[in-house]
file query_0.pdb (PDB, C-alpha atoms)
ATOM      1  CA  THR A   1     144.605 -26.363   0.632
ATOM      2  CA  ALA A   2     142.302 -29.338   0.879
ATOM      3  CA  SER A   3     139.779 -27.089   2.602
ATOM      4  CA  ASP A   4     139.898 -24.551  -0.261
ATOM      5  CA  LEU A   5     139.385 -27.313  -2.819
ATOM      6  CA  HIS A   6     136.390 -28.651  -0.943
ATOM      7  CA  GLU A   7     134.812 -25.226  -0.540
ATOM      8  CA  LEU A   8     135.368 -24.415  -4.216
ATOM      9  CA  ALA A   9     133.860 -27.751  -5.277
ATOM     10  CA  LEU A  10     130.883 -27.420  -2.961
ATOM     11  CA  GLY A  11     130.360 -23.832  -4.097
ATOM     12  CA  LEU A  12     130.160 -24.963  -7.718
ATOM     13  CA  GLU A  13     127.719 -27.658  -6.688
ATOM     14  CA  VAL A  14     125.524 -25.276  -4.685
ATOM     15  CA  ALA A  15     125.528 -22.707  -7.515
ATOM     16  CA  GLY A  16     123.767 -25.281  -9.666
ATOM     17  CA  VAL A  17     125.245 -24.139 -12.987
ATOM     18  CA  ARG A  18     126.932 -26.188 -15.685
ATOM     19  CA  PHE A  19     130.717 -26.204 -15.368
ATOM     20  CA  LEU A  20     133.969 -27.591 -16.672
ATOM     21  CA  TRP A  21     136.649 -27.575 -13.980
ATOM     22  CA  ALA A  22     140.195 -27.848 -15.277
ATOM     23  CA  PHE A  23     141.520 -29.454 -12.116
ATOM     24  CA  ARG A  24     145.236 -29.469 -11.543
ATOM     25  CA  LYS A  25     146.409 -31.193  -8.404
ATOM     26  CA  PRO A  26     147.864 -28.577  -6.056
ATOM     27  CA  SER A  27     151.535 -28.942  -5.215
ATOM     28  CA  GLY A  28     151.959 -30.992  -2.090
ATOM     29  CA  MET A  29     148.795 -32.952  -2.860
ATOM     30  CA  SER A  30     150.040 -34.686  -5.955
ATOM     31  CA  ALA A  31     151.624 -37.729  -4.405
ATOM     32  CA  PRO A  32     151.862 -40.628  -6.832
ATOM     33  CA  GLY A  33     148.715 -42.692  -6.758
ATOM     34  CA  THR A  34     146.592 -39.866  -5.361
ATOM     35  CA  ASP A  35     143.303 -39.898  -7.223
ATOM     36  CA  VAL A  36     141.569 -36.580  -7.863
ATOM     37  CA  GLY A  37     138.421 -38.082  -6.396
ATOM     38  CA  GLU A  38     140.278 -38.338  -3.093
ATOM     39  CA  LEU A  39     140.938 -34.586  -3.147
ATOM     40  CA  LEU A  40     137.309 -33.643  -3.828
ATOM     41  CA  PRO A  41     134.409 -33.890  -1.390
ATOM     42  CA  THR A  42     132.979 -37.398  -1.131
ATOM     43  CA  GLY A  43     130.351 -37.955  -3.821
ATOM     44  CA  PHE A  44     130.972 -34.606  -5.551
ATOM     45  CA  GLU A  45     131.508 -36.038  -9.029
ATOM     46  CA  ASP A  46     128.423 -38.253  -8.731
ATOM     47  CA  ARG A  47     126.230 -35.384  -7.517
ATOM     48  CA  THR A  48     127.376 -33.052 -10.313
ATOM     49  CA  GLN A  49     127.318 -35.651 -13.079
ATOM     50  CA  GLY A  50     125.320 -34.348 -16.009
ATOM     51  CA  HIS A  51     126.010 -30.682 -15.320
ATOM     52  CA  GLY A  52     129.599 -30.623 -14.106
ATOM     53  CA  LEU A  53     132.814 -32.107 -15.389
ATOM     54  CA  VAL A  54     136.106 -32.264 -13.520
ATOM     55  CA  TRP A  55     138.928 -32.752 -16.009
ATOM     56  CA  THR A  56     142.373 -33.644 -14.681
ATOM     57  CA  GLY A  57     144.311 -33.701 -17.927
ATOM     58  CA  TRP A  58     145.525 -30.756 -19.909
ATOM     59  CA  VAL A  59     142.727 -28.458 -21.059
ATOM     60  CA  PRO A  60     143.120 -26.199 -24.119
ATOM     61  CA  GLN A  61     141.936 -23.131 -22.219
ATOM     62  CA  VAL A  62     141.825 -20.761 -25.192
ATOM     63  CA  ARG A  63     139.854 -23.271 -27.238
ATOM     64  CA  VAL A  64     137.406 -23.789 -24.388
ATOM     65  CA  LEU A  65     136.993 -20.043 -23.866
ATOM     66  CA  ALA A  66     136.321 -19.619 -27.593
ATOM     67  CA  HIS A  67     133.332 -21.981 -27.404
ATOM     68  CA  GLY A  68     129.909 -20.385 -27.571
ATOM     69  CA  ALA A  69     128.599 -22.415 -24.633
ATOM     70  CA  VAL A  70     130.884 -20.630 -22.161
ATOM     71  CA  GLY A  71     128.858 -18.221 -20.057
ATOM     72  CA  ALA A  72     131.535 -17.083 -17.607
ATOM     73  CA  PHE A  73     135.092 -17.810 -16.545
ATOM     74  CA  LEU A  74     136.021 -18.681 -12.957
ATOM     75  CA  THR A  75     139.666 -17.653 -12.810
ATOM     76  CA  HIS A  76     142.499 -17.055 -10.361
ATOM     77  CA  CYS A  77     143.156 -13.811 -12.314
ATOM     78  CA  GLY A  78     146.657 -14.455 -13.491
ATOM     79  CA  TRP A  79     147.355 -11.890 -16.208
ATOM     80  CA  GLY A  80     147.465 -14.431 -19.046
ATOM     81  CA  SER A  81     144.188 -16.091 -18.077
ATOM     82  CA  THR A  82     142.501 -12.740 -17.525
ATOM     83  CA  ILE A  83     143.463 -11.524 -20.999
ATOM     84  CA  GLU A  84     142.347 -14.826 -22.535
ATOM     85  CA  GLY A  85     138.946 -14.481 -20.871
ATOM     86  CA  LEU A  86     138.609 -10.867 -21.987
ATOM     87  CA  VAL A  87     139.603 -11.607 -25.593
ATOM     88  CA  TYR A  88     136.515 -13.820 -25.756
ATOM     89  CA  GLY A  89     134.306 -11.342 -23.877
ATOM     90  CA  HIS A  90     133.512 -13.520 -20.871
ATOM     91  CA  PRO A  91     132.431 -12.094 -17.533
ATOM     92  CA  MET A  92     134.520 -13.413 -14.661
ATOM     93  CA  VAL A  93     134.158 -15.012 -11.282
ATOM     94  CA  MET A  94     137.475 -14.170  -9.686
ATOM     95  CA  LEU A  95     139.262 -16.169  -7.006
ATOM     96  CA  PRO A  96     142.798 -14.788  -6.690
ATOM     97  CA  PHE A  97     145.410 -16.542  -4.580
ATOM     98  CA  VAL A  98     148.848 -14.963  -4.985
ATOM     99  CA  VAL A  99     150.799 -11.783  -5.690
ATOM    100  CA  ASP A 100     149.311  -9.740  -8.548
ATOM    101  CA  GLN A 101     146.122 -11.761  -8.907
ATOM    102  CA  GLY A 102     144.282  -9.761  -6.241
ATOM    103  CA  LEU A 103     145.172  -6.471  -7.924
ATOM    104  CA  ILE A 104     144.015  -7.747 -11.305
ATOM    105  CA  ALA A 105     140.775  -9.067  -9.800
ATOM    106  CA  ARG A 106     140.038  -5.736  -8.150
ATOM    107  CA  ALA A 107     140.745  -3.858 -11.387
ATOM    108  CA  MET A 108     138.300  -6.119 -13.242
ATOM    109  CA  ALA A 109     135.697  -5.780 -10.466
ATOM    110  CA  GLU A 110     135.975  -1.975 -10.630
ATOM    111  CA  ARG A 111     135.263  -2.180 -14.365
ATOM    112  CA  ARG A 112     132.284  -4.427 -13.570
ATOM    113  CA  ILE A 113     133.629  -7.286 -15.681
ATOM    114  CA  GLY A 114     132.745  -9.722 -12.918
ATOM    115  CA  VAL A 115     132.912 -10.301  -9.187
ATOM    116  CA  GLU A 116     135.517 -11.502  -6.781
ATOM    117  CA  VAL A 117     134.600 -14.350  -4.459
ATOM    118  CA  ALA A 118     134.117 -12.807  -1.001
ATOM    119  CA  ARG A 119     136.703 -13.731   1.607
ATOM    120  CA  ASP A 120     137.014 -13.467   5.348
ATOM    121  CA  GLU A 121     139.168 -10.381   5.886
ATOM    122  CA  SER A 122     140.864 -11.813   8.958
ATOM    123  CA  ASP A 123     142.377 -14.885   7.282
ATOM    124  CA  GLY A 124     141.542 -14.736   3.554
ATOM    125  CA  SER A 125     139.402 -17.860   3.672
ATOM    126  CA  PHE A 126     136.303 -18.347   1.564
ATOM    127  CA  GLY A 127     133.399 -20.719   1.799
ATOM    128  CA  ARG A 128     131.090 -22.585  -0.524
ATOM    129  CA  ASP A 129     128.358 -19.985  -0.084
ATOM    130  CA  ASP A 130     130.805 -17.255  -1.140
ATOM    131  CA  VAL A 131     131.714 -19.200  -4.287
ATOM    132  CA  ALA A 132     128.079 -19.992  -5.090
ATOM    133  CA  ALA A 133     126.995 -16.375  -4.562
ATOM    134  CA  ALA A 134     129.697 -15.044  -6.897
ATOM    135  CA  VAL A 135     128.911 -17.633  -9.577
ATOM    136  CA  ARG A 136     125.191 -16.906  -9.376
ATOM    137  CA  ARG A 137     125.751 -13.142  -9.485
ATOM    138  CA  VAL A 138     127.652 -13.480 -12.736
ATOM    139  CA  MET A 139     125.736 -16.307 -14.411
ATOM    140  CA  VAL A 140     122.185 -16.364 -13.078
ATOM    141  CA  GLU A 141     121.136 -13.048 -11.591
ATOM    142  CA  GLU A 142     120.047 -10.014 -13.586
ATOM    143  CA  GLU A 143     123.264  -8.195 -12.643
ATOM    144  CA  GLY A 144     125.150 -10.771 -14.713
ATOM    145  CA  LYS A 145     123.923  -9.064 -17.873
ATOM    146  CA  VAL A 146     125.884  -5.951 -16.874
ATOM    147  CA  PHE A 147     129.069  -7.997 -16.381
ATOM    148  CA  SER A 148     128.539  -9.721 -19.712
ATOM    149  CA  THR A 149     127.919  -6.444 -21.546
ATOM    150  CA  ASN A 150     131.017  -4.856 -20.022
ATOM    151  CA  ALA A 151     133.161  -7.899 -20.859
ATOM    152  CA  LYS A 152     131.961  -7.763 -24.473
ATOM    153  CA  LYS A 153     132.797  -4.040 -24.655
ATOM    154  CA  LEU A 154     136.310  -4.752 -23.431
ATOM    155  CA  LYS A 155     136.568  -7.556 -25.986
ATOM    156  CA  GLN A 156     135.925  -4.968 -28.709
ATOM    157  CA  VAL A 157     138.693  -2.729 -27.354
ATOM    158  CA  LEU A 158     141.181  -5.588 -27.127
ATOM    159  CA  GLY A 159     140.241  -6.777 -30.616
ATOM    160  CA  ASP A 160     140.697  -3.344 -32.202
ATOM    161  CA  GLN A 161     144.041  -3.871 -33.961
ATOM    162  CA  ARG A 162     144.268  -0.225 -35.061
ATOM    163  CA  ARG A 163     143.938   0.921 -31.465
ATOM    164  CA  GLN A 164     146.499  -1.650 -30.262
ATOM    165  CA  ASP A 165     148.949  -0.500 -32.963
ATOM    166  CA  GLN A 166     148.378   3.101 -31.902
ATOM    167  CA  TYR A 167     149.185   2.195 -28.283
ATOM    168  CA  MET A 168     152.410   0.506 -29.393
ATOM    169  CA  ASP A 169     153.369   3.514 -31.561
ATOM    170  CA  GLU A 170     152.735   5.859 -28.623
ATOM    171  CA  LEU A 171     154.831   3.672 -26.322
ATOM    172  CA  GLU A 172     157.654   3.547 -28.864
ATOM    173  CA  GLY A 173     157.512   7.342 -29.240
ATOM    174  CA  TYR A 174     157.598   7.804 -25.488
ATOM    175  CA  LEU A 175     160.566   5.465 -25.079
ATOM    176  CA  THR A 176     162.450   7.186 -27.924
ATOM    177  CA  ARG A 177     161.823  10.642 -26.418
ATOM    178  CA  TYR A 178     162.825   9.388 -22.962
ATOM    179  CA  LYS A 179     166.054   7.886 -24.332
ATOM    180  CA  ASP A 180     166.861  11.058 -26.313
ATOM    181  CA  ASN A 181     166.183  13.311 -23.297
ATOM    182  CA  ASN A 182     168.361  11.222 -21.006
ATOM    183  CA  SER A 183     171.293  10.675 -23.410
ATOM    184  CA  SER A 184     172.707  14.132 -22.990
TER
END
call {"tool": "encode", "arguments": {"input": "query_0.pdb", "output": "structure tokens"}}
result
Amino acid sequence: TASDLHELALGLEVAGVRFLWAFRKPSGMSAPGTDVGELLPTGFEDRTQGHGLVWTGWVPQVRVLAHGAVGAFLTHCGWGSTIEGLVYGHPMVMLPFVVDQGLIARAMAERRIGVEVARDESDGSFGRDDVAAAVRRVMVEEEGKVFSTNAKKLKQVLGDQRRQDQYMDELEGYLTRYKDNNSS
């Protein structure tokens, strides 16, 4: 919603960290001729100039995540984006919106890979202070080192090709045994 966009933008501004926002116009707000600046809070891009960039075109997410300047990944926690962030060992600020994203975010939070933006339990809303607090926890505060360390550990697990091959071999063995046991 427009309100969510404004709160997210203002939260990034209040957090005071450098950011690249890959901004895709939400469905229903992408009427022809609608400028992104009209969807953001008045003056946001001017106030964040020099430390924040809102990019409306396509962004090569994997290439961005591979860059050494990335300190954290604010993500909706879709499975693909989550894996991409983990492959590069980035702690996460998680802002899920639909279906499985909340489950993935909670699984990552339990593993202390990052934090989920706090929401009002009655209606699921979040505010700028919630966004800023989550961003600061991951990127600025001492606790962020724990998230970063844990994300890097998970990166090592995901990058261990021998282990991944072993998992696939075990799955194949399980499926073969299951098929053989149920064929009779």
call {"tool": "residues_around", "arguments": {"input": "query_0.pdb", "residues": "A:Gly144", "least_positions_apart": "6", "cutoff": "9 Å", "atoms": "all atoms listed in the file", "output": "list in words"}}
result
Pro91, Gly114, Arg136, Arg137 and Val138 of chain A
call {"tool": "write_last_selection", "arguments": {"input": "query_0.pdb", "atoms": "C-alpha atoms", "output": "PDB file, in the coordinates of the input"}}
result
ATOM      1  CA  PRO A  91     132.431 -12.094 -17.533  1.00  0.00           C
ATOM      2  CA  GLY A 114     132.745  -9.722 -12.918  1.00  0.00           C
ATOM      3  CA  ARG A 136     125.191 -16.906  -9.376  1.00  0.00           C
ATOM      4  CA  ARG A 137     125.751 -13.142  -9.485  1.00  0.00           C
ATOM      5  CA  VAL A 138     127.652 -13.480 -12.736  1.00  0.00           C
TER       6      VAL A 138
END
call {"tool": "atom_distance", "arguments": {"input": "query_0.pdb", "atom1": "atom CA of A:Tyr88", "atom2": "atom CA of A:Gly127"}}
result
28.6 Å
call {"tool": "resolve_selection", "arguments": {"input": "query_0.pdb", "expression": "the PyMOL selection byres ((chain A and resi 92) around 12)", "output": "PyMOL selection string"}}
result
chain A and resi 65+70-77+81-86+88-91+93-96+104-109+111-117+134-139+144-152
call {"tool": "write_last_selection", "arguments": {"input": "query_0.pdb", "atoms": "C-alpha atoms", "output": "mmCIF file, in the coordinates of the input"}}
result
data_model
loop_
_atom_site.group_PDB
_atom_site.id
_atom_site.type_symbol
_atom_site.label_atom_id
_atom_site.label_comp_id
_atom_site.auth_asym_id
_atom_site.auth_seq_id
_atom_site.Cartn_x
_atom_site.Cartn_y
_atom_site.Cartn_z
ATOM 1 C CA LEU A 65 136.993 -20.043 -23.866
ATOM 2 C CA VAL A 70 130.884 -20.630 -22.161
ATOM 3 C CA GLY A 71 128.858 -18.221 -20.057
ATOM 4 C CA ALA A 72 131.535 -17.083 -17.607
ATOM 5 C CA PHE A 73 135.092 -17.810 -16.545
ATOM 6 C CA LEU A 74 136.021 -18.681 -12.957
ATOM 7 C CA THR A 75 139.666 -17.653 -12.810
ATOM 8 C CA HIS A 76 142.499 -17.055 -10.361
ATOM 9 C CA CYS A 77 143.156 -13.811 -12.314
ATOM 10 C CA SER A 81 144.188 -16.091 -18.077
ATOM 11 C CA THR A 82 142.501 -12.740 -17.525
ATOM 12 C CA ILE A 83 143.463 -11.524 -20.999
ATOM 13 C CA GLU A 84 142.347 -14.826 -22.535
ATOM 14 C CA GLY A 85 138.946 -14.481 -20.871
ATOM 15 C CA LEU A 86 138.609 -10.867 -21.987
ATOM 16 C CA TYR A 88 136.515 -13.820 -25.756
ATOM 17 C CA GLY A 89 134.306 -11.342 -23.877
ATOM 18 C CA HIS A 90 133.512 -13.520 -20.871
ATOM 19 C CA PRO A 91 132.431 -12.094 -17.533
ATOM 20 C CA VAL A 93 134.158 -15.012 -11.282
ATOM 21 C CA MET A 94 137.475 -14.170 -9.686
ATOM 22 C CA LEU A 95 139.262 -16.169 -7.006
ATOM 23 C CA PRO A 96 142.798 -14.788 -6.690
ATOM 24 C CA ILE A 104 144.015 -7.747 -11.305
ATOM 25 C CA ALA A 105 140.775 -9.067 -9.800
ATOM 26 C CA ARG A 106 140.038 -5.736 -8.150
ATOM 27 C CA ALA A 107 140.745 -3.858 -11.387
ATOM 28 C CA MET A 108 138.300 -6.119 -13.242
ATOM 29 C CA ALA A 109 135.697 -5.780 -10.466
ATOM 30 C CA ARG A 111 135.263 -2.180 -14.365
ATOM 31 C CA ARG A 112 132.284 -4.427 -13.570
ATOM 32 C CA ILE A 113 133.629 -7.286 -15.681
ATOM 33 C CA GLY A 114 132.745 -9.722 -12.918
ATOM 34 C CA VAL A 115 132.912 -10.301 -9.187
ATOM 35 C CA GLU A 116 135.517 -11.502 -6.781
ATOM 36 C CA VAL A 117 134.600 -14.350 -4.459
ATOM 37 C CA ALA A 134 129.697 -15.044 -6.897
ATOM 38 C CA VAL A 135 128.911 -17.633 -9.577
ATOM 39 C CA ARG A 136 125.191 -16.906 -9.376
ATOM 40 C CA ARG A 137 125.751 -13.142 -9.485
ATOM 41 C CA VAL A 138 127.652 -13.480 -12.736
ATOM 42 C CA MET A 139 125.736 -16.307 -14.411
ATOM 43 C CA GLY A 144 125.150 -10.771 -14.713
ATOM 44 C CA LYS A 145 123.923 -9.064 -17.873
ATOM 45 C CA VAL A 146 125.884 -5.951 -16.874
ATOM 46 C CA PHE A 147 129.069 -7.997 -16.381
ATOM 47 C CA SER A 148 128.539 -9.721 -19.712
ATOM 48 C CA THR A 149 127.919 -6.444 -21.546
ATOM 49 C CA ASN A 150 131.017 -4.856 -20.022
ATOM 50 C CA ALA A 151 133.161 -7.899 -20.859
ATOM 51 C CA LYS A 152 131.961 -7.763 -24.473
#
call {"tool": "resolve_selection", "arguments": {"input": "query_0.pdb", "expression": "the PyMOL selection byres ((chain A and resi 13) around 10)", "output": "list in words"}}
result
Glu7, Leu8, Ala9, Leu10, Gly11, Leu12, Val14, Ala15, Gly16, Val17, Arg18, Phe19, Phe44, Glu45, Arg47, Thr48, His51, Gly52, Arg128, Val131 and Ala132 of chain A
call {"tool": "axis_aligned_box", "arguments": {"input": "query_0.pdb", "around": "stretch 109-119 of chain A", "padding_each_side": "8 Å", "output": "lines of an AutoDock Vina configuration file"}}
result
center_x = 134.5
center_y = -8.2
center_z = -7.0
size_x = 20.4
size_y = 28.4
size_z = 33.3
call {"tool": "atom_distance", "arguments": {"input": "query_0.pdb", "atom1": "atom CA of A:Gly80", "atom2": "atom CA of A:Trp58"}}
result
16.5 Å
call {"tool": "closest_residue", "arguments": {"input": "query_0.pdb", "among": "A:Val54, A:Val59, A:Ala69, A:Val87", "to": "A:Gly159", "atoms": "only C-alpha atoms"}}
result
A:Val87
call {"tool": "closest_residue", "arguments": {"input": "query_0.pdb", "among": "A:Ser122, A:Thr56, A:Thr176, A:Ser183", "to": "A:Ala22", "atoms": "all atoms listed in the file"}}
result
A:Thr56
call {"tool": "atom_distance", "arguments": {"input": "query_0.pdb", "atom1": "atom CA of A:Leu39", "atom2": "atom CA of A:Ala2"}}
result
6.8 Å
